[in-house]
$ cat run26.cif   # mmCIF, C-alpha atoms
data_coords
#
loop_
_atom_site.label_atom_id
_atom_site.label_comp_id
_atom_site.auth_asym_id
_atom_site.auth_seq_id
_atom_site.Cartn_x
_atom_site.Cartn_y
_atom_site.Cartn_z
CA MET A 1 75.31 213.92 270.15
CA ILE A 2 76.45 213.31 266.56
CA ASP A 3 78.07 216.29 264.93
CA GLN A 4 76.51 217.37 261.60
CA CYS A 5 79.97 217.68 260.07
CA ASP A 6 80.60 214.00 260.86
CA ILE A 7 77.37 213.04 259.09
CA LEU A 8 78.30 215.06 256.00
CA ALA A 9 81.80 213.55 255.99
CA ALA A 10 80.27 210.06 256.15
CA LEU A 11 77.96 210.86 253.24
CA ARG A 12 80.87 212.18 251.16
CA TRP A 13 82.85 209.03 251.93
CA HIS A 14 79.98 206.82 250.73
CA VAL A 15 79.67 208.81 247.50
CA ASP A 16 83.44 208.62 246.92
CA ILE A 17 83.38 204.81 247.10
CA GLY A 18 80.38 204.57 244.76
CA CYS A 19 77.47 204.23 247.21
CA ASP A 20 75.32 206.89 245.56
CA GLU A 21 72.07 204.98 245.03
CA ALA A 22 69.48 203.78 247.54
CA ILE A 23 68.75 200.10 246.91
CA GLY A 24 65.83 199.78 249.33
CA ASP A 25 63.12 202.07 250.64
CA GLU A 26 64.07 201.39 254.26
CA PRO A 27 67.57 201.26 255.81
CA LEU A 28 68.76 197.88 257.13
CA ASP A 29 70.25 197.39 260.57
CA TRP A 30 73.16 195.15 259.58
CA ALA A 31 74.27 194.69 263.18
CA THR A 32 70.91 193.09 263.99
CA LEU A 33 70.89 190.98 260.83
CA ALA A 34 74.42 189.71 261.45
CA ALA A 35 73.41 188.51 264.91
CA ARG A 36 70.50 186.40 263.61
CA PRO A 37 71.02 182.62 263.38
CA ALA A 38 71.63 181.39 259.84
CA VAL A 39 68.97 179.34 258.07
CA ALA A 40 70.18 177.03 255.33
CA ARG A 41 68.33 177.29 252.04
CA ALA A 42 67.18 174.09 250.41
CA PRO A 43 66.31 173.57 246.74
CA ALA A 44 62.65 173.62 245.85
CA GLY A 45 61.06 170.26 246.62
CA ALA A 46 63.96 169.08 248.80
CA SER A 47 64.33 169.01 252.56
CA ALA A 48 66.68 171.41 254.27
CA LEU A 49 70.24 170.20 254.62
CA PRO A 50 71.47 169.36 258.11
CA PRO A 51 74.03 171.79 259.55
CA ALA A 52 76.91 169.42 258.88
CA ALA A 53 76.00 169.24 255.17
CA ALA A 54 75.35 172.94 254.71
CA PRO A 55 77.35 174.44 251.83
CA VAL A 56 80.39 176.53 252.63
CA ALA A 57 79.87 180.11 251.44
CA ARG A 58 82.42 182.50 250.02
CA SER A 59 83.18 185.59 252.01
CA ALA A 60 82.81 189.08 250.59
CA PHE A 61 86.47 188.88 249.58
CA GLY A 62 86.15 185.64 247.59
CA ALA A 63 87.70 183.24 250.13
CA SER A 64 85.75 180.17 251.21
CA SER A 65 84.38 180.70 254.65
CA GLY A 66 81.49 179.73 256.85
CA ALA A 67 81.12 183.26 258.13
CA SER A 68 80.60 186.70 256.68
CA MET A 69 82.86 189.69 257.20
CA PHE A 70 80.70 190.49 260.23
CA GLY A 71 81.31 187.10 261.84
CA ALA A 72 77.84 185.65 261.10
CA PRO A 73 77.31 182.59 258.86
CA VAL A 74 76.58 183.32 255.22
CA THR A 75 73.84 181.21 253.65
CA ALA A 76 72.72 183.35 250.73
CA ASP A 77 72.88 181.89 247.22
CA LEU A 78 76.43 182.17 245.91
CA PRO A 79 77.11 184.35 242.86
CA LEU A 80 78.35 182.61 239.74
CA GLY A 81 82.09 182.51 239.15
CA ALA A 82 83.52 184.17 236.03
CA SER A 83 83.64 180.99 233.95
CA GLU A 84 80.20 179.86 235.15
CA ALA A 85 78.71 183.27 234.39
CA GLY A 86 80.15 183.31 230.88
CA ALA A 87 78.88 179.80 230.12
CA SER A 88 75.44 180.58 231.53
CA ALA A 89 75.22 183.84 229.56
CA ARG A 90 76.25 182.16 226.32
CA ALA A 91 73.67 179.40 226.75
CA ARG A 92 70.86 181.83 227.59
CA ALA A 93 71.74 184.23 224.79
CA ALA A 94 71.97 181.45 222.19
CA GLU A 95 68.40 180.37 222.98
CA ALA A 96 66.97 183.81 222.20
CA ARG A 97 65.26 183.98 218.80
CA SER A 98 64.00 187.55 219.10
CA LEU A 99 64.88 190.80 220.85
CA GLU A 100 62.04 190.22 223.29
CA GLU A 101 63.41 186.79 224.23
CA LEU A 102 66.92 188.21 224.55
CA GLU A 103 65.77 191.01 226.83
CA SER A 104 63.85 188.55 229.01
CA ALA A 105 66.91 186.28 229.22
CA LEU A 106 69.09 189.24 230.17
CA ARG A 107 66.73 190.39 232.89
CA ALA A 108 66.68 186.87 234.35
CA PHE A 109 70.47 186.56 234.27
CA ASP A 110 72.17 186.75 237.68
CA GLY A 111 75.76 186.13 236.63
CA CYS A 112 76.85 189.79 236.82
CA PRO A 113 76.97 191.37 240.29
CA LEU A 114 76.20 194.81 238.84
CA LYS A 115 72.57 193.76 238.54
CA ALA A 116 72.22 193.78 242.33
CA THR A 117 73.26 197.45 242.64
CA ALA A 118 71.52 198.84 239.54
CA MET A 119 68.02 200.28 239.54
CA ASN A 120 67.14 199.14 236.01
CA THR A 121 68.30 196.84 233.24
CA VAL A 122 69.15 199.11 230.30
CA PHE A 123 68.55 197.08 227.15
CA ALA A 124 68.34 199.37 224.10
CA ASP A 125 66.66 202.34 222.43
CA GLY A 126 65.98 203.41 218.86
CA ASN A 127 64.85 201.56 215.75
CA PRO A 128 65.64 197.80 215.67
CA ALA A 129 65.35 197.90 211.87
CA ALA A 130 68.00 200.63 211.52
CA ASP A 131 71.18 200.05 209.51
CA ILE A 132 73.38 201.77 212.12
CA MET A 133 73.90 200.29 215.59
CA LEU A 134 75.71 202.39 218.19
CA ILE A 135 77.20 200.65 221.23
CA GLY A 136 78.29 202.54 224.33
CA GLU A 137 80.05 201.36 227.46
CA ALA A 138 77.55 201.18 230.34
CA PRO A 139 74.58 203.13 231.70
CA GLY A 140 75.17 206.21 233.79
CA GLU A 141 73.02 207.58 236.59
CA ASP A 142 70.30 209.02 234.34
CA GLU A 143 70.23 205.91 232.17
CA ASP A 144 69.95 203.70 235.25
CA ARG A 145 66.99 205.70 236.51
CA GLN A 146 65.12 205.81 233.20
CA GLY A 147 66.08 202.38 231.87
CA LYS A 148 67.25 203.71 228.47
CA PRO A 149 70.76 204.25 227.04
CA PHE A 150 72.16 207.73 226.45
CA VAL A 151 69.45 209.88 228.03
CA GLY A 152 71.67 212.03 230.26
CA VAL A 153 73.97 214.90 229.33
CA SER A 154 76.08 212.63 227.11
CA GLY A 155 72.94 211.37 225.43
CA LYS A 156 71.76 214.87 224.62
CA LEU A 157 75.12 215.62 223.02
CA LEU A 158 74.89 212.37 221.05
CA ASP A 159 71.44 213.38 219.78
CA ARG A 160 72.80 216.73 218.59
CA MET A 161 75.75 215.04 216.90
CA LEU A 162 73.49 212.62 215.05
CA ALA A 163 71.17 215.42 214.00
CA GLN A 164 74.05 217.22 212.29
CA VAL A 165 74.33 214.34 209.81
CA GLY A 166 70.62 213.72 209.40
CA LEU A 167 70.22 210.92 211.97
CA ASP A 168 68.11 210.48 215.08
CA ARG A 169 66.80 207.69 217.30
CA SER A 170 64.30 206.65 214.65
CA THR A 171 67.14 205.91 212.21
CA VAL A 172 69.73 204.35 214.56
CA TYR A 173 69.70 201.65 217.23
CA ILE A 174 71.54 202.16 220.54
CA SER A 175 72.77 199.72 223.19
CA ASN A 176 75.70 199.23 225.59
CA ILE A 177 78.38 196.68 226.37
CA LEU A 178 76.88 196.38 229.88
CA PRO A 179 73.16 196.63 230.68
CA TRP A 180 73.73 197.62 234.31
CA ARG A 181 75.38 200.68 235.78
CA PRO A 182 78.70 200.19 237.61
CA PRO A 183 78.53 201.91 241.04
CA GLY A 184 79.81 205.46 240.93
CA ASN A 185 80.08 205.25 237.11
CA ARG A 186 83.42 203.48 237.45
CA SER A 187 84.93 201.63 234.50
CA PRO A 188 83.65 198.07 234.01
CA THR A 189 85.91 195.20 235.03
CA GLN A 190 86.99 192.50 232.60
CA ALA A 191 84.91 189.96 234.53
CA GLU A 192 81.78 192.11 234.21
CA ILE A 193 82.35 192.58 230.48
CA ALA A 194 82.97 188.85 229.95
CA ALA A 195 79.77 187.95 231.80
CA CYS A 196 77.61 190.23 229.65
CA LEU A 197 79.38 189.96 226.29
CA PRO A 198 77.42 186.90 224.99
CA PHE A 199 74.21 188.91 225.29
CA LEU A 200 75.68 191.78 223.28
CA GLU A 201 77.01 189.43 220.62
CA ARG A 202 73.56 187.86 220.24
CA HIS A 203 72.05 191.35 220.28
CA VAL A 204 74.14 192.31 217.25
CA GLU A 205 73.20 189.07 215.48
CA LEU A 206 69.48 189.68 215.98
CA ILE A 207 69.70 193.28 214.76
CA GLY A 208 71.97 192.47 211.82
CA PRO A 209 73.14 196.08 211.26
CA LYS A 210 74.99 197.29 208.19
CA VAL A 211 77.50 199.15 210.35
CA LEU A 212 78.55 199.11 214.01
CA VAL A 213 79.66 202.28 215.82
CA PRO A 214 81.35 201.58 219.16
CA LEU A 215 81.42 204.73 221.28
CA GLY A 216 84.49 204.99 223.49
CA GLY A 217 87.51 202.85 224.23
CA THR A 218 85.84 200.10 226.27
CA SER A 219 83.24 199.44 223.59
CA ALA A 220 85.74 199.56 220.71
CA LYS A 221 88.33 197.31 222.37
CA THR A 222 85.65 194.80 223.43
CA LEU A 223 84.00 194.51 220.02
CA LEU A 224 87.24 194.44 218.06
CA ASN A 225 89.30 192.47 220.61
CA ARG A 226 92.14 194.97 220.33
CA ALA A 227 94.37 196.64 222.89
CA GLU A 228 94.77 200.10 221.33
CA GLY A 229 93.08 203.09 222.89
CA ILE A 230 90.17 204.91 221.31
CA THR A 231 92.32 207.78 220.03
CA ARG A 232 94.17 205.27 217.83
CA LEU A 233 91.10 203.27 216.82
CA ARG A 234 88.66 206.08 216.08
CA GLY A 235 87.90 207.02 212.50
CA ARG A 236 89.30 203.74 211.08
CA TRP A 237 87.32 200.94 209.45
CA PHE A 238 87.40 197.41 210.85
CA ASP A 239 85.31 194.27 210.43
CA TYR A 240 83.21 192.50 213.06
CA ALA A 241 82.37 188.84 212.51
CA SER A 242 80.04 186.51 214.39
CA PRO A 243 78.63 183.05 213.56
CA GLY A 244 75.07 184.37 213.61
CA LEU A 245 75.74 187.07 211.01
CA SER A 246 75.57 186.57 207.26
CA GLY A 247 78.98 188.18 206.85
CA PRO A 248 81.43 190.67 208.42
CA VAL A 249 79.96 193.99 209.54
CA PRO A 250 81.94 197.22 209.04
CA VAL A 251 82.92 198.93 212.28
CA ILE A 252 84.00 202.54 212.81
CA PRO A 253 84.89 203.44 216.41
CA MET A 254 84.14 206.97 217.60
CA LEU A 255 84.86 209.04 220.69
CA HIS A 256 82.34 208.75 223.49
CA PRO A 257 80.16 211.86 224.02
CA ALA A 258 81.27 211.95 227.68
CA TYR A 259 84.87 212.27 226.50
CA LEU A 260 83.85 215.14 224.22
CA LEU A 261 82.23 216.94 227.14
CA ARG A 262 85.53 216.74 229.03
CA ASN A 263 87.63 217.55 225.95
CA PRO A 264 85.64 219.89 223.68
CA ILE A 265 88.60 220.30 221.32
CA ALA A 266 88.15 216.66 220.30
CA LYS A 267 84.75 217.45 218.77
CA ARG A 268 86.44 218.18 215.45
CA GLU A 269 87.67 214.55 215.31
CA ALA A 270 84.17 213.35 216.17
CA TRP A 271 82.77 215.50 213.35
CA ARG A 272 85.22 213.97 210.87
CA ASP A 273 84.21 210.47 211.99
CA LEU A 274 80.52 211.25 211.54
CA LEU A 275 81.17 212.55 208.04
CA THR A 276 83.19 209.42 207.25
CA LEU A 277 80.27 207.28 208.43
CA ARG A 278 77.73 209.18 206.33
CA GLN A 279 79.90 209.13 203.24
CA ARG A 280 80.02 205.33 203.33
CA PHE A 281 76.42 204.92 204.49
CA PRO A 282 74.47 207.91 203.15
CA GLY A 283 71.21 206.26 204.18
#
$ encode --input "run26.cif" --output "structure tokens"
Amino acid sequence: MIDQCDILAALRWHVDIGCDEAIGDEPLDWATLAARPAVARAPAGASALPPAAAPVARSAFGASSGASMFGAPVTADLPLGASEAGASARARAAEARSLEELESALRAFDGCPLKATAMNTVFADGNPAADIMLIGEAPGEDEDRQGKPFVGVSGKLLDRMLAQVGLDRSTVYISNILPWRPPGNRSPTQAEIAACLPFLERHVELIGPKVLVPLGGTSAKTLLNRAEGITRLRGRWFDYASPGLSGPVPVIPMLHPAYLLRNPIAKREAWRDLLTLRQRFPG
């Protein structure tokens, strides 16, 4: 008989390592699946490859292997490598001539493994014609469920902050560096950012904002290609340039609302940054 304490301990362990979302409606018996014979996949219109010509798959740890970590052959389609993902993303993003085409290209993109663990692709929210574009880091749990950026506790604080300077979601446009939630709300890896960055760059080009507001260190360092932390970057003016823009766009990094929830004393710096933004762009 399984002890209830053991079950609770197992659940806590899964949450601690980031397994806090159900991907399927029914649980899978991996022991049974691992024991099944492998079936090689063939491209559409082509005959199946003979066993000797079957491609060698990478293991869960990145090494080339003909077997999975459970000892059974792996025949699933291989994920794109970092360089392949970046090249594929750049090509797909460059073809987009509208926000609708960009969103469709992003949803069809399989070069970022986060897509497989996320519930929704979080594209954007707000007014695409707005002068101010805010860019966060990545969706959280609430954003992943609802498919919109900044709708959780941090989003509610952001709404209140914007309201204090006469802004709301009808007068700003909001997106993220990553469109998919990292498991357990962990920080994004450099590979994940690199895979998704071409879509964000094209996103900014299609919006053509008058000012960019990166929220948090990850967003600011990614957009500005700088190494300093957000406490050194916030409140200062920079320029963002891209081939698809008519000219450099002013950038003012700000503290992420989640950081303000953990460090309420920093709200005074956030207030100063908002006032600085409104003084330059009174709207």
$ resolve_selection --input "run26.cif" --expression "the PyMOL selection byres ((chain A and resi 270) around 12)" --output "ChimeraX atom specification"
/A:157-158,161-162,164-165,213,215-216,230-231,234-235,252-261,263-269,271-277
$ residues_around --input "run26.cif" --residues "Gly136 of chain A" --least-positions-apart "3" --cutoff "9 Å" --atoms "all atoms listed in the file" --output "list in words"
Pro139, Pro149, Phe150, Ile174, Ser175, Asn176, Ile177, Leu178, Val213, Pro214, Leu215, Gly216, Thr218, Ser219, Ala220 and His256 of chain A
$ write_last_selection --input "run26.cif" --atoms "C-alpha atoms" --output "PDB file, in the frame of the given file"
ATOM      1  CA  PRO A 139      74.580 203.130 231.700  1.00  0.00           C
ATOM      2  CA  PRO A 149      70.760 204.250 227.040  1.00  0.00           C
ATOM      3  CA  PHE A 150      72.160 207.730 226.450  1.00  0.00           C
ATOM      4  CA  ILE A 174      71.540 202.160 220.540  1.00  0.00           C
ATOM      5  CA  SER A 175      72.770 199.720 223.190  1.00  0.00           C
ATOM      6  CA  ASN A 176      75.700 199.230 225.590  1.00  0.00           C
ATOM      7  CA  ILE A 177      78.380 196.680 226.370  1.00  0.00           C
ATOM      8  CA  LEU A 178      76.880 196.380 229.880  1.00  0.00           C
ATOM      9  CA  VAL A 213      79.660 202.280 215.820  1.00  0.00           C
ATOM     10  CA  PRO A 214      81.350 201.580 219.160  1.00  0.00           C
ATOM     11  CA  LEU A 215      81.420 204.730 221.280  1.00  0.00           C
ATOM     12  CA  GLY A 216      84.490 204.990 223.490  1.00  0.00           C
ATOM     13  CA  THR A 218      85.840 200.100 226.270  1.00  0.00           C
ATOM     14  CA  SER A 219      83.240 199.440 223.590  1.00  0.00           C
ATOM     15  CA  ALA A 220      85.740 199.560 220.710  1.00  0.00           C
ATOM     16  CA  HIS A 256      82.340 208.750 223.490  1.00  0.00           C
TER      17      HIS A 256
END
$ closest_residue --input "run26.cif" --among "A:Val204, A:Ala105, A:Leu197, A:Ala241" --to "Thr222 of chain A" --atoms "all atoms listed in the file"
A:Leu197
$ atom_distance --input "run26.cif" --atom1 "atom CA of Gly111 of chain A" --atom2 "atom CA of His203 of chain A"
17.6 Å
$ atom_distance --input "run26.cif" --atom1 "atom CA of Ile135 of chain A" --atom2 "atom CA of Arg280 of chain A"
18.7 Å
$ closest_residue --input "run26.cif" --among "A:Glu205, A:Asp239, A:Glu84, A:Glu143" --to "Ala96 of chain A" --atoms "all atoms listed in the file"
A:Glu205
$ atom_distance --input "run26.cif" --atom1 "atom CA of Gly140 of chain A" --atom2 "atom CA of Gly155 of chain A"
10.1 Å
$ build_atoms --input "run26.cif" --residues "segment 193-204 of chain A" --atoms "all heavy atoms" --output "PDB file, keeping the file's coordinate frame"
ATOM      1  N   ILE A 193      82.506 192.552 231.944  1.00  0.00           N
ATOM      2  CA  ILE A 193      82.350 192.580 230.480  1.00  0.00           C
ATOM      3  C   ILE A 193      82.187 191.164 229.948  1.00  0.00           C
ATOM      4  O   ILE A 193      81.305 190.889 229.116  1.00  0.00           O
ATOM      5  CB  ILE A 193      83.553 193.273 229.833  1.00  0.00           C
ATOM      6  CG1 ILE A 193      83.566 194.766 230.191  1.00  0.00           C
ATOM      7  CG2 ILE A 193      83.523 193.096 228.318  1.00  0.00           C
ATOM      8  CD1 ILE A 193      84.806 195.502 229.720  1.00  0.00           C
ATOM      9  N   ALA A 194      83.019 190.231 230.431  1.00  0.00           N
ATOM     10  CA  ALA A 194      82.970 188.850 229.950  1.00  0.00           C
ATOM     11  C   ALA A 194      81.624 188.203 230.260  1.00  0.00           C
ATOM     12  O   ALA A 194      81.106 187.419 229.461  1.00  0.00           O
ATOM     13  CB  ALA A 194      84.099 188.047 230.578  1.00  0.00           C
ATOM     14  N   ALA A 195      81.047 188.538 231.421  1.00  0.00           N
ATOM     15  CA  ALA A 195      79.770 187.950 231.800  1.00  0.00           C
ATOM     16  C   ALA A 195      78.630 188.411 230.900  1.00  0.00           C
ATOM     17  O   ALA A 195      77.691 187.656 230.632  1.00  0.00           O
ATOM     18  CB  ALA A 195      79.452 188.287 233.261  1.00  0.00           C
ATOM     19  N   CYS A 196      78.703 189.652 230.431  1.00  0.00           N
ATOM     20  CA  CYS A 196      77.610 190.230 229.650  1.00  0.00           C
ATOM     21  C   CYS A 196      77.833 190.171 228.139  1.00  0.00           C
ATOM     22  O   CYS A 196      76.888 190.368 227.366  1.00  0.00           O
ATOM     23  CB  CYS A 196      77.391 191.688 230.060  1.00  0.00           C
ATOM     24  SG  CYS A 196      76.932 191.911 231.788  1.00  0.00           S
ATOM     25  N   LEU A 197      79.051 189.907 227.708  1.00  0.00           N
ATOM     26  CA  LEU A 197      79.380 189.960 226.290  1.00  0.00           C
ATOM     27  C   LEU A 197      78.542 189.014 225.417  1.00  0.00           C
ATOM     28  O   LEU A 197      78.136 189.397 224.312  1.00  0.00           O
ATOM     29  CB  LEU A 197      80.867 189.693 226.085  1.00  0.00           C
ATOM     30  CG  LEU A 197      81.393 189.843 224.653  1.00  0.00           C
ATOM     31  CD1 LEU A 197      81.112 191.240 224.118  1.00  0.00           C
ATOM     32  CD2 LEU A 197      82.893 189.548 224.595  1.00  0.00           C
ATOM     33  N   PRO A 198      78.250 187.775 225.845  1.00  0.00           N
ATOM     34  CA  PRO A 198      77.420 186.900 224.990  1.00  0.00           C
ATOM     35  C   PRO A 198      76.065 187.509 224.650  1.00  0.00           C
ATOM     36  O   PRO A 198      75.544 187.285 223.545  1.00  0.00           O
ATOM     37  CB  PRO A 198      77.280 185.627 225.829  1.00  0.00           C
ATOM     38  CG  PRO A 198      78.505 185.600 226.688  1.00  0.00           C
ATOM     39  CD  PRO A 198      78.758 187.043 227.032  1.00  0.00           C
ATOM     40  N   PHE A 199      75.492 188.268 225.578  1.00  0.00           N
ATOM     41  CA  PHE A 199      74.210 188.910 225.290  1.00  0.00           C
ATOM     42  C   PHE A 199      74.358 189.990 224.220  1.00  0.00           C
ATOM     43  O   PHE A 199      73.508 190.135 223.334  1.00  0.00           O
ATOM     44  CB  PHE A 199      73.614 189.505 226.569  1.00  0.00           C
ATOM     45  CG  PHE A 199      73.154 188.483 227.559  1.00  0.00           C
ATOM     46  CD1 PHE A 199      73.907 188.182 228.678  1.00  0.00           C
ATOM     47  CD2 PHE A 199      71.965 187.792 227.364  1.00  0.00           C
ATOM     48  CE1 PHE A 199      73.487 187.228 229.590  1.00  0.00           C
ATOM     49  CE2 PHE A 199      71.521 186.841 228.268  1.00  0.00           C
ATOM     50  CZ  PHE A 199      72.290 186.551 229.390  1.00  0.00           C
ATOM     51  N   LEU A 200      75.449 190.748 224.292  1.00  0.00           N
ATOM     52  CA  LEU A 200      75.680 191.780 223.280  1.00  0.00           C
ATOM     53  C   LEU A 200      75.926 191.148 221.913  1.00  0.00           C
ATOM     54  O   LEU A 200      75.409 191.618 220.894  1.00  0.00           O
ATOM     55  CB  LEU A 200      76.869 192.658 223.675  1.00  0.00           C
ATOM     56  CG  LEU A 200      77.243 193.714 222.635  1.00  0.00           C
ATOM     57  CD1 LEU A 200      76.151 194.765 222.526  1.00  0.00           C
ATOM     58  CD2 LEU A 200      78.573 194.358 222.960  1.00  0.00           C
ATOM     59  N   GLU A 201      76.727 190.093 221.890  1.00  0.00           N
ATOM     60  CA  GLU A 201      77.010 189.430 220.620  1.00  0.00           C
ATOM     61  C   GLU A 201      75.724 188.917 219.972  1.00  0.00           C
ATOM     62  O   GLU A 201      75.523 189.050 218.761  1.00  0.00           O
ATOM     63  CB  GLU A 201      77.988 188.279 220.848  1.00  0.00           C
ATOM     64  CG  GLU A 201      79.382 188.756 221.256  1.00  0.00           C
ATOM     65  CD  GLU A 201      80.296 187.624 221.668  1.00  0.00           C
ATOM     66  OE1 GLU A 201      79.798 186.529 221.985  1.00  0.00           O
ATOM     67  OE2 GLU A 201      81.530 187.845 221.688  1.00  0.00           O
ATOM     68  N   ARG A 202      74.849 188.320 220.771  1.00  0.00           N
ATOM     69  CA  ARG A 202      73.560 187.860 220.240  1.00  0.00           C
ATOM     70  C   ARG A 202      72.683 189.035 219.850  1.00  0.00           C
ATOM     71  O   ARG A 202      71.915 188.954 218.871  1.00  0.00           O
ATOM     72  CB  ARG A 202      72.863 186.983 221.290  1.00  0.00           C
ATOM     73  CG  ARG A 202      71.576 186.335 220.794  1.00  0.00           C
ATOM     74  CD  ARG A 202      71.833 185.436 219.615  1.00  0.00           C
ATOM     75  NE  ARG A 202      70.607 184.841 219.114  1.00  0.00           N
ATOM     76  CZ  ARG A 202      70.408 184.497 217.847  1.00  0.00           C
ATOM     77  NH1 ARG A 202      71.372 184.690 216.953  1.00  0.00           N
ATOM     78  NH2 ARG A 202      69.270 183.963 217.468  1.00  0.00           N
ATOM     79  N   HIS A 203      72.794 190.124 220.586  1.00  0.00           N
ATOM     80  CA  HIS A 203      72.050 191.350 220.280  1.00  0.00           C
ATOM     81  C   HIS A 203      72.402 191.830 218.869  1.00  0.00           C
ATOM     82  O   HIS A 203      71.521 192.153 218.064  1.00  0.00           O
ATOM     83  CB  HIS A 203      72.390 192.425 221.318  1.00  0.00           C
ATOM     84  CG  HIS A 203      71.328 193.452 221.488  1.00  0.00           C
ATOM     85  ND1 HIS A 203      71.212 194.217 222.626  1.00  0.00           N
ATOM     86  CD2 HIS A 203      70.329 193.869 220.672  1.00  0.00           C
ATOM     87  CE1 HIS A 203      70.203 195.044 222.497  1.00  0.00           C
ATOM     88  NE2 HIS A 203      69.652 194.861 221.316  1.00  0.00           N
ATOM     89  N   VAL A 204      73.683 191.872 218.567  1.00  0.00           N
ATOM     90  CA  VAL A 204      74.140 192.310 217.250  1.00  0.00           C
ATOM     91  C   VAL A 204      73.637 191.346 216.172  1.00  0.00           C
ATOM     92  O   VAL A 204      73.190 191.765 215.099  1.00  0.00           O
ATOM     93  CB  VAL A 204      75.676 192.412 217.211  1.00  0.00           C
ATOM     94  CG1 VAL A 204      76.158 192.722 215.793  1.00  0.00           C
ATOM     95  CG2 VAL A 204      76.163 193.486 218.176  1.00  0.00           C
TER      96      VAL A 204
END
